[in-house]
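Below: one structure, written as structure tokens.
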Amino acid sequence: MSPVIEERLAKLAGLSLKKGAHAANSTFCVMEAVAYVAGEPWSDHPACACPIISTFLRNWNDNLPTDADRDRLLKDLIPKMVGTKNPALEQKRSIMAADWLIRVHTPAWLRLAGLNEQADRIASLPEITAMAQYPSLRGPLEAVRDDAYKAWAAAWDAAGAAARAAARDAARDAAWAAAGAAARDAARAKLAPTVKQLQDSALALVERMIAATEN
């Protein structure tokens with residue numbers, strides 16, 4: 001296991017994690033920070049870290065909306081990622097991520113769309129612990145997917161009609177712009193609880209993947 005260089009870890013305490021890849025020693029995404037504190041050459045693919053968790057964290061780092069979110073959710077993981085590479089655990093960790101995506105992430109968005117019955121069906125599936133389970137999941141997942149497509153098509157048609165009616169009724173461009181801003185703010189407010197729930201759940205997933213053992 002690679003040791004964490006404490007002086008470098010302390011330096012990161014005063015910096016915010018950033019989106020994307022960066023020039024050496026300029027600023028850091030989460031995985032560049034892992035390579036840095038492990039004393040490795042500059043990279044967002046540190047050799048000391050599990051490639052499965054690293055892929056998850058690179059994507060998460062770049063999709064979080066703010067630096068504050070990256071710092072809150074990812075900074076404490078930096079020293080924990082050092083030494084996580086273990087080829088014997090890669091399939092297990094991949095299955096853990098797939099289980100979370102199917103039984104936690106997907107139902108959260110289905111519920112937000114009002115598809116509560118479909119969300120419950122997915123969330124109540126047995127925990128995925130082996131690749132052999134995937135064929136048995138295909139039927140339930142495809143049924144929910146079809147329901148979601150139908151709901152999306154209906155919502156899109158309704159939204160399109162509402163938008164056209166609003167556009168006809170807008171007397172001024174400024175009023176339309178203000179309405180658009182209000183709609184965006186309302187959408188962000190509606191999404192916020194689900195986003196927070198999934199962020200916290202994803203953090204717990206990463207902690208479990210880091211702590212996974214071969215048994």
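Ordered as shown in the structure tokens, chains take letters A, B, and onward, while each chain numbers its residues from 1 and ligands are numbered from 1 in the order shown.
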
Selection: 10 Å around A:Ser16, only C-alpha atoms, excl. self and same-chain fewer than 5 positions, as a list in words:
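Close residues of A:Ser16: Thr27, Phe28, Cys29, Val30, Thr66, Asp67, Ala68, Asp69, Arg70, Asp71, Arg72 and Lys75 of chain A.
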
Which residues are close to A:Thr55, i.e. within 12 Å by only C-alpha atoms, leaving aside same-chain residues fewer than 2 positions away? Reply as number ranges by chain.
A: 30-31, 44-46, 49-53, 57-62, 90, 93-94, 97, 206

Take the residues from that selection and write them out as a CSV table (one decimal), in the first residue's frame, keeping N, CA and C atoms.
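Heads up, here's the output in out.csv:
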chain,number,residue,atom,x,y,z
A,30,VAL,N,-10.3,15.2,-8.2
A,30,VAL,CA,-10.1,14.3,-7.1
A,30,VAL,C,-9.1,13.2,-7.4
A,31,MET,N,-9.0,12.7,-8.6
A,31,MET,CA,-8.0,11.6,-8.8
A,31,MET,C,-6.6,12.2,-9.0
A,44,ASP,N,-4.6,11.6,-13.6
A,44,ASP,CA,-5.9,11.4,-13.0
A,44,ASP,C,-6.2,9.9,-13.0
A,45,HIS,N,-5.2,9.0,-13.3
A,45,HIS,CA,-5.3,7.6,-13.3
A,45,HIS,C,-4.2,7.0,-12.4
A,46,PRO,N,-4.2,7.3,-11.1
A,46,PRO,CA,-3.1,6.9,-10.3
A,46,PRO,C,-3.0,5.4,-10.2
A,49,ALA,N,-4.6,3.3,-7.1
A,49,ALA,CA,-6.0,3.3,-6.8
A,49,ALA,C,-6.8,2.3,-7.7
A,50,CYS,N,-7.9,1.8,-7.1
A,50,CYS,CA,-8.7,0.9,-7.8
A,50,CYS,C,-9.3,1.6,-9.1
A,51,PRO,N,-9.1,1.0,-10.3
A,51,PRO,CA,-9.6,1.6,-11.5
A,51,PRO,C,-11.1,1.7,-11.5
A,52,ILE,N,-11.8,0.8,-10.9
A,52,ILE,CA,-13.3,0.9,-10.9
A,52,ILE,C,-13.8,2.1,-10.1
A,53,ILE,N,-13.3,2.2,-8.9
A,53,ILE,CA,-13.7,3.4,-8.1
A,53,ILE,C,-13.2,4.7,-8.7
A,57,LEU,N,-15.3,8.0,-9.6
A,57,LEU,CA,-15.0,9.3,-9.0
A,57,LEU,C,-14.6,10.4,-10.1
A,58,ARG,N,-13.9,10.0,-11.1
A,58,ARG,CA,-13.7,11.0,-12.2
A,58,ARG,C,-15.0,11.5,-12.8
A,59,ASN,N,-15.9,10.6,-13.1
A,59,ASN,CA,-17.2,11.0,-13.6
A,59,ASN,C,-18.0,11.9,-12.6
A,60,TRP,N,-18.0,11.5,-11.4
A,60,TRP,CA,-18.7,12.2,-10.4
A,60,TRP,C,-18.1,13.6,-10.2
A,61,ASN,N,-16.8,13.7,-10.1
A,61,ASN,CA,-16.1,14.9,-9.9
A,61,ASN,C,-16.5,15.9,-11.0
A,62,ASP,N,-16.5,15.5,-12.3
A,62,ASP,CA,-16.8,16.4,-13.4
A,62,ASP,C,-18.3,16.7,-13.5
A,90,GLU,N,-12.0,-6.1,-8.3
A,90,GLU,CA,-12.5,-5.2,-9.3
A,90,GLU,C,-13.9,-5.6,-9.8
A,93,ARG,N,-16.5,-4.8,-7.0
A,93,ARG,CA,-16.7,-3.4,-6.9
A,93,ARG,C,-17.6,-2.9,-8.1
A,94,SER,N,-17.4,-3.5,-9.3
A,94,SER,CA,-18.2,-3.1,-10.4
A,94,SER,C,-19.6,-3.5,-10.2
A,97,ALA,N,-21.3,-1.1,-7.8
A,97,ALA,CA,-21.7,0.1,-8.5
A,97,ALA,C,-23.0,-0.1,-9.4
A,206,VAL,N,-19.2,4.7,-2.4
A,206,VAL,CA,-17.8,4.7,-2.6
A,206,VAL,C,-17.1,4.2,-1.3

Skip A:Glu6 itself and residues of its chain fewer than 3 positions away, then list as a ChimeraX atom specification all residues within 10 Å of it, counting only C-alpha atoms.
/A:3,9-12,37-38,79

For the selection just defined, write its residues with N, CA, C and O atoms to a file, as a CSV table (one decimal), in the first residue's frame.
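Output file again32.csv follows:
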chain,number,residue,atom,x,y,z
A,3,PRO,N,2.1,4.9,0.8
A,3,PRO,CA,1.8,5.8,2.0
A,3,PRO,C,1.3,7.1,1.5
A,3,PRO,O,1.6,7.6,0.3
A,9,LEU,N,-1.0,16.2,1.5
A,9,LEU,CA,-2.4,16.2,1.9
A,9,LEU,C,-2.8,17.5,2.6
A,9,LEU,O,-3.9,18.0,2.4
A,10,ALA,N,-1.9,18.0,3.5
A,10,ALA,CA,-2.2,19.2,4.2
A,10,ALA,C,-2.3,20.4,3.2
A,10,ALA,O,-3.2,21.3,3.4
A,11,LYS,N,-1.5,20.4,2.1
A,11,LYS,CA,-1.6,21.4,1.1
A,11,LYS,C,-3.0,21.5,0.4
A,11,LYS,O,-3.5,22.5,0.2
A,12,LEU,N,-3.6,20.3,0.2
A,12,LEU,CA,-4.9,20.2,-0.4
A,12,LEU,C,-6.0,20.8,0.4
A,12,LEU,O,-7.0,21.2,-0.1
A,37,VAL,N,-1.0,13.0,-3.5
A,37,VAL,CA,-0.7,12.6,-2.2
A,37,VAL,C,0.0,11.3,-2.0
A,37,VAL,O,0.7,11.0,-1.0
A,38,ALA,N,-0.1,10.5,-3.1
A,38,ALA,CA,0.6,9.2,-3.1
A,38,ALA,C,2.0,9.3,-3.6
A,38,ALA,O,2.8,8.3,-3.6
A,79,PRO,N,-7.3,10.5,0.7
A,79,PRO,CA,-6.3,9.6,1.3
A,79,PRO,C,-6.8,8.2,1.4
A,79,PRO,O,-6.0,7.2,1.3

Sel. of helix (DSSP H, G or I) residues, stretch 45-146 of chain A, as a ChimeraX atom specification:
/A:51-63,67-74,77-81,87-112,116-123,131-146

Pairwise distance for atom CA of A:Ala130 and atom CA of A:Pro87, rounded to one decimal in Å:
16.4 Å

Can you tell me how far atom CA of A:Glu214 sits from atom CA of A:Leu89, in Å to one decimal?
6.2 Å

Nearest-residue call for A:Asp99, choices A:Lys85, A:Ile122, A:Gln197, A:Val144, using only C-alpha atoms:
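So, comparing all the options, the nearest one is A:Ile122.
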
Looking at only C-alpha atoms, which of A:Ala47, A:Ala143, A:Ala33, A:Leu191 is the one that sits closest to A:Trp109?
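For A:Trp109, the nearest of the candidates is A:Leu191.
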
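Across A:Lys190, A:Lys80, A:Lys196, A:Arg121, the tightest approach to A:Ala35 is made by A:Lys80 when counting only C-alpha atoms.
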
Could you please determine the separation between atom CA of A:Asn215 and atom CA of A:Tyr134 in Å, to one decimal place?
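Going from atom CA of A:Asn215 over to atom CA of A:Tyr134 covers 21.3 Å.
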
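Nearest to A:Glu40 of all the residues A:Pro65, A:Gly83, A:Gly114, A:Gly14 is A:Gly83, based on only C-alpha atoms.
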